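Text of data27.cif, listed as mmCIF, C-alpha atoms (C1' of nucleotides):
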```cif
data_start
#
loop_
_atom_site.label_atom_id
_atom_site.label_comp_id
_atom_site.auth_asym_id
_atom_site.auth_seq_id
_atom_site.Cartn_x
_atom_site.Cartn_y
_atom_site.Cartn_z
CA MET L 348 98.01 -206.73 36.97
CA LEU L 349 101.49 -206.51 38.38
CA ASP L 350 102.72 -205.89 34.85
CA ALA L 351 100.19 -203.09 34.45
CA PHE L 352 101.34 -201.52 37.71
CA GLU L 353 104.95 -201.76 36.57
CA ALA L 354 104.12 -200.22 33.22
CA ALA L 355 102.17 -197.40 34.85
CA LEU L 356 105.12 -196.60 37.09
CA ILE L 357 107.55 -196.63 34.18
CA ASP L 358 105.38 -194.61 31.82
CA GLY L 359 103.79 -192.12 34.15
CA GLY L 360 105.83 -192.16 37.33
CA ALA L 361 104.40 -192.78 40.77
CA ARG L 362 101.98 -189.91 40.26
CA GLY L 363 100.24 -191.67 37.40
CA ALA L 364 100.30 -195.14 38.86
CA THR L 365 96.90 -194.94 40.53
CA MET L 366 94.78 -197.94 41.35
CA ASP L 367 92.32 -196.66 38.77
CA ALA L 368 94.93 -196.41 36.03
CA VAL L 369 96.38 -199.82 36.87
CA ALA L 370 92.97 -201.43 36.88
CA ALA L 371 92.08 -199.86 33.53
CA ALA L 372 95.38 -200.95 31.99
CA ALA L 373 94.91 -204.47 33.28
CA GLY L 374 91.39 -204.58 31.89
CA VAL L 375 89.61 -204.88 35.21
CA SER L 376 87.81 -202.52 37.54
CA LYS L 377 89.22 -201.06 40.71
CA GLY L 378 87.21 -203.56 42.72
CA GLY L 379 88.55 -206.43 40.65
CA LEU L 380 92.12 -205.27 41.17
CA LEU L 381 91.58 -204.93 44.90
CA TYR L 382 90.28 -208.47 45.08
CA HIS L 383 93.73 -209.74 44.09
CA TYR L 384 95.81 -207.06 45.80
CA ALA L 385 94.10 -205.97 48.98
CA SER L 386 95.84 -202.60 49.03
CA LYS L 387 98.21 -200.46 47.07
CA GLU L 388 100.91 -201.42 49.52
CA ALA L 389 100.34 -205.07 48.60
CA LEU L 390 100.87 -204.17 44.96
CA GLU L 391 104.06 -202.33 45.82
CA SER L 392 105.38 -205.18 47.93
CA ALA L 393 104.68 -207.66 45.16
CA LEU L 394 106.63 -205.52 42.68
CA ILE L 395 109.58 -205.20 45.04
CA GLU L 396 109.62 -208.92 45.74
CA ARG L 397 109.58 -209.68 42.05
CA MET L 398 112.52 -207.35 41.51
CA ARG L 399 114.50 -209.08 44.26
CA ARG L 400 113.87 -212.47 42.71
CA LEU L 401 114.86 -211.26 39.22
CA VAL L 402 118.07 -209.71 40.56
CA ASP L 403 119.08 -213.01 42.14
CA LEU L 404 118.37 -214.90 38.93
CA ASP L 405 120.27 -212.27 36.95
CA VAL L 406 123.39 -212.59 39.08
CA GLU L 407 123.34 -216.36 38.85
CA GLU L 408 123.16 -216.09 35.09
CA MET L 409 125.90 -213.46 34.88
CA LEU L 410 128.23 -215.63 36.93
CA ARG L 411 127.77 -218.42 34.40
CA SER L 412 128.45 -216.13 31.43
CA PRO L 413 131.52 -216.91 29.32
CA ASP L 414 132.15 -213.20 28.64
CA GLY L 415 133.61 -211.13 31.44
CA ILE L 416 131.02 -210.44 34.10
CA VAL L 417 131.96 -206.74 34.06
CA ALA L 418 131.10 -206.43 30.37
CA VAL L 419 127.87 -208.34 30.78
CA PHE L 420 126.94 -206.27 33.81
CA VAL L 421 127.44 -202.92 32.08
CA ARG L 422 125.72 -204.09 28.92
CA THR L 423 122.65 -205.31 30.74
CA SER L 424 122.49 -202.01 32.63
CA VAL L 425 121.72 -200.30 29.34
CA GLN L 426 118.84 -202.53 28.40
CA SER L 427 115.47 -201.30 29.48
CA ASP L 428 113.00 -203.84 28.22
CA THR L 429 113.94 -207.00 30.03
CA PRO L 430 111.71 -208.03 32.92
CA LEU L 431 114.54 -207.25 35.32
CA ASP L 432 115.20 -203.80 33.95
CA ARG L 433 111.57 -202.86 33.99
CA ALA L 434 111.26 -204.06 37.57
CA ILE L 435 114.29 -202.01 38.59
CA VAL L 436 113.11 -198.82 36.90
CA ALA L 437 109.64 -199.22 38.38
CA THR L 438 111.10 -199.81 41.83
CA SER L 439 113.28 -196.72 41.41
CA ARG L 440 110.19 -194.67 40.70
CA LEU L 441 108.68 -195.98 43.90
CA ALA L 442 111.83 -195.26 45.88
CA GLN L 443 111.71 -191.61 44.89
CA THR L 444 108.33 -191.10 46.49
CA GLY L 445 109.85 -191.84 49.86
CA HIS L 446 109.01 -195.55 49.80
CA ASP L 447 111.60 -196.95 52.18
CA ALA L 448 111.10 -200.61 51.29
CA ALA L 449 111.83 -199.81 47.65
CA SER L 450 114.98 -197.90 48.57
CA VAL L 451 116.17 -200.75 50.74
CA ALA L 452 115.50 -203.31 48.01
CA LEU L 453 117.54 -201.29 45.52
CA ARG L 454 120.37 -200.95 48.01
CA ASP L 455 120.28 -204.70 48.58
CA ALA L 456 120.35 -205.37 44.85
CA ARG L 457 123.39 -203.15 44.52
CA ARG L 458 125.05 -205.12 47.29
CA VAL L 459 124.36 -208.40 45.49
CA TRP L 460 125.98 -207.08 42.32
CA GLU L 461 128.86 -205.63 44.30
CA ASP L 462 129.69 -208.99 45.84
CA ALA L 463 129.44 -210.76 42.49
CA LEU L 464 131.72 -208.25 40.75
CA ARG L 465 134.34 -207.85 43.47
CA PRO L 466 136.44 -210.90 42.48
CA HIS L 467 136.59 -209.58 38.92
CA THR L 468 137.85 -206.08 39.66
CA ARG L 469 141.31 -204.93 40.65
CA ASP L 470 140.41 -203.04 43.81
CA GLU L 471 137.58 -201.23 45.55
CA SER L 472 137.92 -198.13 43.39
CA ALA L 473 137.59 -200.17 40.24
CA LEU L 474 134.61 -201.96 41.73
CA GLN L 475 132.93 -198.67 42.59
CA LEU L 476 133.64 -197.32 39.12
CA VAL L 477 131.83 -200.22 37.51
CA LEU L 478 128.90 -199.97 39.90
CA LEU L 479 128.60 -196.22 39.43
CA VAL L 480 128.57 -196.47 35.65
CA SER L 481 125.76 -198.98 35.99
CA ASP L 482 123.95 -196.72 38.46
CA GLY L 483 124.35 -193.85 36.02
CA LEU L 484 122.83 -195.88 33.20
CA TYR L 485 119.88 -196.79 35.40
CA PHE L 486 119.53 -193.19 36.52
CA ASN L 487 119.15 -192.10 32.94
CA SER L 488 116.70 -194.89 32.25
CA ALA L 489 114.74 -193.85 35.30
CA LEU L 490 114.67 -190.22 34.19
CA ALA L 491 113.52 -191.09 30.72
CA THR L 492 109.75 -190.80 30.64
CA GLN L 493 107.33 -191.16 27.80
CA GLY L 494 108.14 -187.80 26.21
CA VAL L 495 111.70 -187.35 27.45
CA PRO L 496 114.14 -190.01 26.22
CA GLY L 497 117.44 -190.42 28.06
CA PRO L 498 120.94 -190.10 26.58
CA ILE L 499 121.92 -193.76 26.76
CA PRO L 500 124.80 -195.04 24.60
CA GLN L 501 123.90 -197.63 21.97
CA GLY L 502 125.64 -199.83 19.44
CA ASP L 503 129.30 -198.99 18.78
CA ASP L 504 129.33 -196.24 21.42
CA LEU L 505 128.24 -198.77 23.99
CA ASP L 506 130.88 -201.27 22.90
CA ALA L 507 133.57 -198.62 23.25
CA LEU L 508 132.29 -197.62 26.67
CA ILE L 509 132.29 -201.21 27.89
CA ALA L 510 135.84 -201.69 26.62
CA LEU L 511 136.93 -198.59 28.48
CA VAL L 512 135.27 -199.68 31.73
CA GLU L 513 136.83 -203.14 31.47
CA ARG L 514 140.27 -201.64 30.90
CA ALA L 515 139.89 -199.34 33.90
CA ALA L 516 138.55 -202.07 36.16
CA ARG L 517 140.92 -204.95 35.66
CA MET M 951 109.61 -170.86 51.02
CA LEU M 952 111.43 -172.27 48.03
CA ASP M 953 114.04 -173.61 50.44
CA ALA M 954 111.32 -175.27 52.48
CA PHE M 955 109.88 -176.87 49.35
CA GLU M 956 113.31 -178.12 48.35
CA ALA M 957 113.95 -179.52 51.82
CA ALA M 958 110.56 -181.24 51.85
CA LEU M 959 111.30 -182.90 48.51
CA ILE M 960 114.73 -184.05 49.67
CA ASP M 961 113.63 -185.32 53.06
CA GLY M 962 110.27 -186.81 52.27
CA GLY M 963 110.15 -187.25 48.52
CA ALA M 964 107.45 -185.83 46.31
CA ARG M 965 104.85 -187.62 48.41
CA GLY M 966 105.72 -185.59 51.49
CA ALA M 967 106.19 -182.24 49.77
CA THR M 968 102.62 -181.03 50.23
CA MET M 969 101.66 -177.39 50.27
CA ASP M 970 100.73 -177.86 53.90
CA ALA M 971 104.11 -179.30 54.86
CA VAL M 972 105.96 -176.62 52.91
CA ALA M 973 103.93 -173.84 54.48
CA ALA M 974 104.50 -175.23 57.97
CA ALA M 975 108.23 -175.61 57.37
CA ALA M 976 108.44 -172.06 56.02
CA GLY M 977 106.55 -170.74 59.03
CA VAL M 978 103.50 -169.51 57.16
CA SER M 979 100.02 -170.83 56.52
CA LYS M 980 98.86 -172.43 53.32
CA GLY M 981 97.14 -169.23 52.35
CA GLY M 982 100.30 -167.24 52.93
CA LEU M 983 102.30 -169.63 50.78
CA LEU M 984 99.76 -169.43 47.99
CA TYR M 985 99.93 -165.68 48.01
CA HIS M 986 103.55 -165.88 46.86
CA TYR M 987 103.27 -169.00 44.71
CA ALA M 988 99.86 -169.11 43.11
CA SER M 989 99.97 -172.87 42.63
CA LYS M 990 102.08 -175.89 43.30
CA GLU M 991 103.16 -175.79 39.69
CA ALA M 992 104.52 -172.28 40.25
CA LEU M 993 106.57 -173.60 43.15
CA GLU M 994 107.88 -176.43 40.99
CA SER M 995 108.76 -174.10 38.16
CA ALA M 996 110.62 -171.80 40.52
CA LEU M 997 112.66 -174.71 41.86
CA ILE M 998 113.53 -175.90 38.37
CA GLU M 999 114.54 -172.42 37.28
CA ARG M 1000 116.76 -172.04 40.30
CA MET M 1001 118.46 -175.33 39.50
CA ARG M 1002 119.11 -174.21 35.92
CA ARG M 1003 120.70 -170.99 37.14
CA LEU M 1004 122.87 -172.80 39.70
CA VAL M 1005 124.06 -175.28 37.08
CA ASP M 1006 125.18 -172.47 34.81
CA LEU M 1007 127.04 -170.77 37.67
CA ASP M 1008 128.60 -174.09 38.66
CA VAL M 1009 129.95 -174.74 35.18
CA GLU M 1010 131.42 -171.26 34.93
CA GLU M 1011 133.18 -171.81 38.23
CA MET M 1012 134.44 -175.28 37.28
CA LEU M 1013 135.91 -173.92 34.07
CA ARG M 1014 137.93 -171.42 36.10
CA SER M 1015 139.21 -174.07 38.53
CA PRO M 1016 142.98 -174.69 38.57
CA ASP M 1017 142.46 -178.43 39.23
CA GLY M 1018 141.35 -180.59 36.38
CA ILE M 1019 137.70 -180.02 35.61
CA VAL M 1020 137.11 -183.78 35.56
CA ALA M 1021 138.31 -184.14 39.14
CA VAL M 1022 136.31 -181.16 40.30
CA PHE M 1023 133.23 -182.43 38.49
CA VAL M 1024 133.32 -185.87 40.06
CA ARG M 1025 134.12 -184.51 43.48
CA THR M 1026 131.25 -182.06 43.46
CA SER M 1027 128.91 -184.84 42.34
CA VAL M 1028 129.45 -186.47 45.72
CA GLN M 1029 128.56 -183.44 47.76
CA SER M 1030 124.99 -183.20 48.82
CA ASP M 1031 124.70 -180.04 50.86
CA THR M 1032 125.59 -177.28 48.45
CA PRO M 1033 122.69 -175.22 47.06
CA LEU M 1034 123.30 -176.77 43.64
CA ASP M 1035 123.28 -180.34 44.89
CA ARG M 1036 120.16 -179.82 46.91
CA ALA M 1037 118.44 -178.28 43.90
CA ILE M 1038 119.46 -181.19 41.71
CA VAL M 1039 118.32 -183.87 44.14
CA ALA M 1040 115.02 -182.06 44.68
CA THR M 1041 114.49 -181.74 40.94
CA SER M 1042 115.29 -185.44 40.53
CA ARG M 1043 112.58 -186.26 43.03
CA LEU M 1044 110.18 -184.18 40.99
CA ALA M 1045 111.25 -185.83 37.76
CA GLN M 1046 110.40 -189.26 39.13
CA THR M 1047 106.77 -188.33 39.66
CA GLY M 1048 106.37 -187.89 35.94
CA HIS M 1049 107.09 -184.15 35.95
CA ASP M 1050 108.28 -183.60 32.39
CA ALA M 1051 109.71 -180.11 32.92
CA ALA M 1052 111.94 -181.46 35.69
CA SER M 1053 113.16 -184.30 33.48
CA VAL M 1054 113.92 -181.88 30.67
CA ALA M 1055 115.79 -179.54 33.00
CA LEU M 1056 117.97 -182.40 34.25
CA ARG M 1057 118.68 -183.51 30.70
CA ASP M 1058 119.65 -179.95 29.81
CA ALA M 1059 121.95 -179.72 32.82
CA ARG M 1060 123.66 -182.90 31.75
CA ARG M 1061 124.14 -181.42 28.30
CA VAL M 1062 125.75 -178.32 29.79
CA TRP M 1063 128.22 -180.45 31.76
CA GLU M 1064 128.83 -182.63 28.75
CA ASP M 1065 129.87 -179.67 26.61
CA ALA M 1066 132.10 -178.28 29.36
CA LEU M 1067 133.86 -181.60 29.90
CA ARG M 1068 134.29 -182.65 26.27
CA PRO M 1069 137.51 -180.68 25.62
CA HIS M 1070 139.07 -182.32 28.68
CA THR M 1071 138.38 -185.94 27.79
CA ARG M 1072 140.07 -188.15 25.23
CA ASP M 1073 137.02 -189.24 23.28
CA GLU M 1074 133.28 -189.71 23.54
CA SER M 1075 133.58 -192.94 25.53
CA ALA M 1076 135.74 -191.24 28.12
CA LEU M 1077 133.31 -188.36 28.25
CA GLN M 1078 130.38 -190.71 28.81
CA LEU M 1079 132.29 -192.57 31.48
CA VAL M 1080 132.82 -189.38 33.48
CA LEU M 1081 129.21 -188.32 33.07
CA LEU M 1082 127.88 -191.74 34.04
CA VAL M 1083 129.97 -191.88 37.20
CA SER M 1084 128.55 -188.50 38.13
CA ASP M 1085 125.03 -189.67 37.30
CA GLY M 1086 125.61 -192.73 39.45
CA LEU M 1087 126.67 -190.60 42.39
CA TYR M 1088 123.58 -188.45 42.02
CA PHE M 1089 121.41 -191.53 41.67
CA ASN M 1090 122.64 -192.80 45.00
CA SER M 1091 122.16 -189.39 46.57
CA ALA M 1092 118.65 -189.30 45.20
CA LEU M 1093 117.86 -192.75 46.55
CA ALA M 1094 119.18 -191.93 49.98
CA THR M 1095 116.24 -190.84 52.08
CA GLN M 1096 116.03 -189.99 55.73
CA GLY M 1097 116.24 -193.57 56.95
CA VAL M 1098 118.16 -195.16 54.08
CA PRO M 1099 121.64 -193.74 53.51
CA GLY M 1100 123.34 -194.32 50.18
CA PRO M 1101 126.68 -196.02 49.56
CA ILE M 1102 128.64 -192.95 48.50
CA PRO M 1103 132.46 -193.03 48.62
CA GLN M 1104 134.10 -190.58 51.01
CA GLY M 1105 137.60 -189.46 51.97
CA ASP M 1106 140.43 -191.65 50.67
CA ASP M 1107 138.06 -193.92 48.75
CA LEU M 1108 136.75 -190.90 46.90
CA ASP M 1109 140.26 -189.67 46.10
CA ALA M 1110 141.18 -193.06 44.68
CA LEU M 1111 138.02 -193.17 42.61
CA ILE M 1112 138.67 -189.71 41.18
CA ALA M 1113 142.24 -190.68 40.29
CA LEU M 1114 140.95 -193.76 38.49
CA VAL M 1115 138.35 -191.79 36.55
CA GLU M 1116 140.93 -189.19 35.53
CA ARG M 1117 143.30 -191.88 34.35
CA ALA M 1118 140.58 -193.55 32.30
CA ALA M 1119 139.33 -190.29 30.82
CA ARG M 1120 142.46 -188.54 29.66
"C1'" DG E 1022 100.47 -159.84 53.30
"C1'" DT E 1023 98.81 -163.35 56.17
"C1'" DC E 1024 95.27 -165.70 58.24
"C1'" DT E 1025 90.98 -169.20 58.71
"C1'" DA E 1026 87.40 -171.46 56.54
"C1'" DT E 1027 85.78 -173.74 52.77
"C1'" DA E 1028 85.21 -175.57 48.01
"C1'" DT E 1029 86.73 -179.01 44.73
"C1'" DA E 1030 88.97 -183.02 43.12
"C1'" DC E 1031 90.80 -187.33 43.43
"C1'" DA E 1032 93.11 -191.15 45.65
"C1'" DG E 1033 92.62 -195.50 48.26
"C1'" DA E 1034 89.54 -198.58 50.24
"C1'" DT E 1035 84.88 -200.83 51.43
"C1'" DA E 1036 80.18 -202.93 50.65
"C1'" DG E 1037 77.27 -205.53 48.52
"C1'" DA E 1038 74.96 -207.02 44.01
"C1'" DC E 1039 75.67 -210.28 40.34
"C1'" DG U 1309 85.87 -213.25 40.72
"C1'" DT U 1310 84.36 -208.99 38.95
"C1'" DC U 1311 81.43 -205.32 38.93
"C1'" DT U 1312 79.19 -200.51 40.53
"C1'" DA U 1313 78.37 -197.42 44.08
"C1'" DT U 1314 79.95 -195.20 47.97
"C1'" DC U 1315 82.74 -193.79 52.05
"C1'" DT U 1316 86.78 -191.42 53.88
"C1'" DG U 1317 90.91 -189.05 53.94
"C1'" DT U 1318 93.80 -185.75 52.04
"C1'" DA U 1319 95.71 -182.39 48.62
"C1'" DT U 1320 95.24 -178.26 45.88
"C1'" DA U 1321 93.10 -174.11 45.45
"C1'" DT U 1322 89.70 -170.23 46.51
"C1'" DA U 1323 87.17 -166.64 49.34
"C1'" DG U 1324 87.02 -163.35 52.25
"C1'" DA U 1325 88.12 -161.44 57.06
"C1'" DC U 1326 91.77 -158.92 59.40
#
```

Structure translated into structure tokens:
Amino acid sequence: MLDAFEAALIDGGARGATMDAVAAAAGVSKGGLLYHYASKEALESALIERMRRLVDLDVEEMLRSPDGIVAVFVRTSVQSDTPLDRAIVATSRLAQTGHDAASVALRDARRVWEDALRPHTRDESALQLVLLVSDGLYFNSALATQGVPGPIPQGDDLDALIALVERAAR
Amino acid sequence: MLDAFEAALIDGGARGATMDAVAAAAGVSKGGLLYHYASKEALESALIERMRRLVDLDVEEMLRSPDGIVAVFVRTSVQSDTPLDRAIVATSRLAQTGHDAASVALRDARRVWEDALRPHTRDESALQLVLLVSDGLYFNSALATQGVPGPIPQGDDLDALIALVERAAR
DNA sequence: GTCTATATACAGATAGAC
DNA sequence: GTCTATCTGTATATAGAC
């Protein structure tokens, strides 16, 4: 059900993520959905909490990566089908409706990445550059809806971009 | 009235930008508002059209600027109180509710900037880097709501960031 | 042109049967 | 646990007076 809510947010934006739509997508009725999540707010909170957890796991994994953390960070910002990425895009959709808890959670996530990347960048400007490129990639993912794909670099273009960011940051 | 709609979107997100709120902010009744804009969709279309026009004017002005267009572009991406920036943030809010026309307009704007910047960057990677930093700045502006300010570089930090982006891009 | 009053639609949430 | 039926609030839009 949480997956259905996430998918509804990603595909149709907050406008389309109604309890009815979520219930239908999850294969239950509205009443059935509300048995598990007592309110829409409960559903939203659960999504946000899941995103927080996935961000923490993601950072732990990045820190263990043999490749440079900067490269891994930028590369994973492009993906859009991992559980983490879907949770982030869905939470972004929520944040744009004026949902303060979602905005705060995204800010906190950014802070977690910032602290993990700081030791691997030359100075604060370089750190901000890396974070902003990642933000930009997420922004384009968040704008991309069903009918309107975003202009996100892939393949060789992505490799070249990552190389450029690494050169600028270290 | 269009200004009131824009302000409502920026301050309260799409959720708070009701016809009632817009009418109240504009100092008219709902009926009065609907006399000028026959539907909410008309109001949305008008906002999107205004953003398109402002983007075109902005690019023309940037191309005439004596400073490097890359520096000007990044610097103006940080501002959030010019008519253009307000229009962009408001349109972003709209886009996140699943409003396809808003998403398309933002994609088109990005294309306009892309074409203007291309002659002033070394290669496609550099071009994407500049655009993504700008996207990232807008993303953070868009996330920042009344109670949740975004982490946007200012003053000396901004100057240093711009210098770094210029160095990486040319 | 701008207002008030009202119609219509739909979202979230509740109640109670099964 | 899951359903259907229903209540309530709120948003868009219309009608008609002034």

Q | 12 Å contact set for DT1316 in chain U, all atoms listed in the file, chain neighbours under 2 positions out, as a PyMOL selection string | A | (chain E and resi 1031-1035) or (chain U and resi 1314+1318)

**Q.** Residues returned when the PyMOL selection byres ((chain E) within 9 of (chain M)) runs on this file, as a count of residues only
**A.** 4

**Q.** Output of the PyMOL selection byres ((chain U) within 9 of (chain L)), listed as JSON, numbers by chain
**A.** {"U": [1309, 1310, 1311, 1312]}

Overlay target chain L, mobile chain M, all C-alpha paired in order, as a short mmCIF file (atom, residue, chain, number, x, y, z; two decimals) with C-alpha atoms, keeping the file's coordinate frame:
```
data_model
loop_
_atom_site.label_atom_id
_atom_site.label_comp_id
_atom_site.auth_asym_id
_atom_site.auth_seq_id
_atom_site.Cartn_x
_atom_site.Cartn_y
_atom_site.Cartn_z
CA MET M 951 97.99 -206.83 37.06
CA LEU M 952 101.49 -206.55 38.45
CA ASP M 953 102.69 -205.97 34.90
CA ALA M 954 100.15 -203.20 34.48
CA PHE M 955 101.31 -201.58 37.72
CA GLU M 956 104.91 -201.79 36.59
CA ALA M 957 104.08 -200.31 33.20
CA ALA M 958 102.11 -197.49 34.82
CA LEU M 959 105.06 -196.63 37.06
CA ILE M 960 107.49 -196.67 34.14
CA ASP M 961 105.32 -194.68 31.76
CA GLY M 962 103.73 -192.18 34.07
CA GLY M 963 105.79 -192.19 37.23
CA ALA M 964 104.38 -192.79 40.67
CA ARG M 965 101.94 -189.94 40.13
CA GLY M 966 100.22 -191.75 37.28
CA ALA M 967 100.25 -195.23 38.80
CA THR M 968 96.84 -195.00 40.45
CA MET M 969 94.74 -198.00 41.29
CA ASP M 970 92.28 -196.79 38.70
CA ALA M 971 94.88 -196.57 35.94
CA VAL M 972 96.33 -199.95 36.85
CA ALA M 973 92.92 -201.59 36.90
CA ALA M 974 92.02 -200.09 33.53
CA ALA M 975 95.33 -201.17 32.00
CA ALA M 976 94.89 -204.69 33.37
CA GLY M 977 91.36 -204.85 31.99
CA VAL M 978 89.57 -205.11 35.31
CA SER M 979 87.75 -202.71 37.58
CA LYS M 980 89.15 -201.20 40.73
CA GLY M 981 87.17 -203.65 42.78
CA GLY M 982 88.54 -206.56 40.80
CA LEU M 983 92.09 -205.34 41.29
CA LEU M 984 91.56 -204.95 45.01
CA TYR M 985 90.29 -208.47 45.28
CA HIS M 986 93.73 -209.74 44.29
CA TYR M 987 95.81 -207.02 45.93
CA ALA M 988 94.10 -205.87 49.09
CA SER M 989 95.83 -202.50 49.05
CA LYS M 990 98.20 -200.39 47.06
CA GLU M 991 100.90 -201.32 49.52
CA ALA M 992 100.35 -204.98 48.68
CA LEU M 993 100.86 -204.16 45.01
CA GLU M 994 104.05 -202.28 45.84
CA SER M 995 105.36 -205.10 47.98
CA ALA M 996 104.68 -207.61 45.23
CA LEU M 997 106.60 -205.50 42.73
CA ILE M 998 109.56 -205.14 45.07
CA GLU M 999 109.62 -208.86 45.79
CA ARG M 1000 109.57 -209.64 42.11
CA MET M 1001 112.51 -207.32 41.54
CA ARG M 1002 114.49 -209.03 44.31
CA ARG M 1003 113.86 -212.43 42.75
CA LEU M 1004 114.83 -211.23 39.26
CA VAL M 1005 118.04 -209.69 40.58
CA ASP M 1006 119.06 -212.97 42.16
CA LEU M 1007 118.33 -214.87 38.94
CA ASP M 1008 120.23 -212.25 36.94
CA VAL M 1009 123.34 -212.56 39.07
CA GLU M 1010 123.31 -216.34 38.84
CA GLU M 1011 123.11 -216.07 35.08
CA MET M 1012 125.85 -213.44 34.86
CA LEU M 1013 128.17 -215.62 36.90
CA ARG M 1014 127.71 -218.41 34.36
CA SER M 1015 128.38 -216.14 31.38
CA PRO M 1016 131.47 -216.93 29.26
CA ASP M 1017 132.10 -213.20 28.61
CA GLY M 1018 133.57 -211.15 31.38
CA ILE M 1019 130.98 -210.45 34.04
CA VAL M 1020 131.95 -206.77 34.02
CA ALA M 1021 131.10 -206.43 30.34
CA VAL M 1022 127.85 -208.32 30.74
CA PHE M 1023 126.93 -206.25 33.78
CA VAL M 1024 127.44 -202.91 32.07
CA ARG M 1025 125.73 -204.04 28.91
CA THR M 1026 122.65 -205.26 30.70
CA SER M 1027 122.49 -201.98 32.62
CA VAL M 1028 121.71 -200.26 29.33
CA GLN M 1029 118.83 -202.49 28.40
CA SER M 1030 115.45 -201.28 29.44
CA ASP M 1031 112.98 -203.85 28.20
CA THR M 1032 113.92 -207.02 30.02
CA PRO M 1033 111.68 -208.04 32.95
CA LEU M 1034 114.53 -207.24 35.33
CA ASP M 1035 115.18 -203.78 33.94
CA ARG M 1036 111.53 -202.89 33.97
CA ALA M 1037 111.25 -204.05 37.57
CA ILE M 1038 114.26 -202.00 38.57
CA VAL M 1039 113.10 -198.81 36.87
CA ALA M 1040 109.62 -199.22 38.37
CA THR M 1041 111.08 -199.78 41.82
CA SER M 1042 113.28 -196.70 41.37
CA ARG M 1043 110.19 -194.66 40.64
CA LEU M 1044 108.67 -195.96 43.84
CA ALA M 1045 111.81 -195.22 45.81
CA GLN M 1046 111.71 -191.57 44.78
CA THR M 1047 108.31 -191.05 46.37
CA GLY M 1048 109.82 -191.76 49.75
CA HIS M 1049 108.98 -195.48 49.73
CA ASP M 1050 111.57 -196.85 52.13
CA ALA M 1051 111.09 -200.53 51.27
CA ALA M 1052 111.82 -199.75 47.62
CA SER M 1053 114.97 -197.84 48.53
CA VAL M 1054 116.15 -200.70 50.73
CA ALA M 1055 115.47 -203.25 48.00
CA LEU M 1056 117.53 -201.25 45.50
CA ARG M 1057 120.37 -200.92 47.99
CA ASP M 1058 120.26 -204.67 48.57
CA ALA M 1059 120.33 -205.35 44.84
CA ARG M 1060 123.38 -203.16 44.51
CA ARG M 1061 125.03 -205.12 47.29
CA VAL M 1062 124.32 -208.39 45.49
CA TRP M 1063 125.95 -207.08 42.30
CA GLU M 1064 128.82 -205.65 44.28
CA ASP M 1065 129.65 -209.03 45.82
CA ALA M 1066 129.38 -210.78 42.45
CA LEU M 1067 131.66 -208.29 40.73
CA ARG M 1068 134.31 -207.92 43.44
CA PRO M 1069 136.38 -210.99 42.46
CA HIS M 1070 136.55 -209.66 38.89
CA THR M 1071 137.84 -206.18 39.65
CA ARG M 1072 141.30 -205.06 40.67
CA ASP M 1073 140.41 -203.19 43.83
CA GLU M 1074 137.59 -201.36 45.57
CA SER M 1075 137.96 -198.25 43.41
CA ALA M 1076 137.61 -200.28 40.26
CA LEU M 1077 134.62 -202.05 41.73
CA GLN M 1078 132.96 -198.74 42.60
CA LEU M 1079 133.68 -197.39 39.15
CA VAL M 1080 131.85 -200.29 37.51
CA LEU M 1081 128.92 -200.01 39.89
CA LEU M 1082 128.66 -196.25 39.45
CA VAL M 1083 128.63 -196.49 35.66
CA SER M 1084 125.80 -198.98 35.98
CA ASP M 1085 123.99 -196.73 38.44
CA GLY M 1086 124.42 -193.85 36.02
CA LEU M 1087 122.88 -195.84 33.20
CA TYR M 1088 119.93 -196.75 35.38
CA PHE M 1089 119.60 -193.16 36.53
CA ASN M 1090 119.24 -192.03 32.95
CA SER M 1091 116.78 -194.81 32.23
CA ALA M 1092 114.79 -193.79 35.27
CA LEU M 1093 114.75 -190.15 34.21
CA ALA M 1094 113.63 -190.97 30.71
CA THR M 1095 109.87 -190.65 30.63
CA GLN M 1096 107.46 -190.92 27.77
CA GLY M 1097 108.30 -187.54 26.27
CA VAL M 1098 111.88 -187.11 27.50
CA PRO M 1099 114.31 -189.76 26.25
CA GLY M 1100 117.58 -190.25 28.08
CA PRO M 1101 121.09 -189.96 26.64
CA ILE M 1102 122.01 -193.64 26.79
CA PRO M 1103 124.89 -194.94 24.64
CA GLN M 1104 123.97 -197.51 22.00
CA GLY M 1105 125.71 -199.70 19.43
CA ASP M 1106 129.37 -198.86 18.79
CA ASP M 1107 129.42 -196.13 21.44
CA LEU M 1108 128.29 -198.67 23.99
CA ASP M 1109 130.94 -201.18 22.91
CA ALA M 1110 133.64 -198.56 23.27
CA LEU M 1111 132.37 -197.56 26.69
CA ILE M 1112 132.35 -201.17 27.88
CA ALA M 1113 135.90 -201.68 26.62
CA LEU M 1114 137.01 -198.58 28.52
CA VAL M 1115 135.33 -199.70 31.73
CA GLU M 1116 136.88 -203.16 31.47
CA ARG M 1117 140.31 -201.68 30.92
CA ALA M 1118 139.94 -199.40 33.93
CA ALA M 1119 138.56 -202.14 36.16
CA ARG M 1120 140.92 -205.03 35.64
#
```

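Taken over the whole file, the PyMOL selection byres ((chain M and resi 998) around 10) covers exactly Ala992, Leu993, Glu994, Ser995, Ala996, Leu997, Glu999, Arg1000, Met1001, Arg1002, Arg1003, Leu1004, Ala1037, Ile1038, Ala1040, Thr1041, Ser1042, Leu1044, Ala1051, Ala1052, Ser1053, Val1054, Ala1055 and Leu1056 of chain M.
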
Q | Atom-to-atom span, CA of Asp403 in chain L and CA of Pro430 in chain L, Å | A | 12.8 Å

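Nearest residue to Tyr384 in chain L among L:Asp462, L:Arg469, L:Asp405, L:Val369 is L:Val369, counting only C-alpha atoms.
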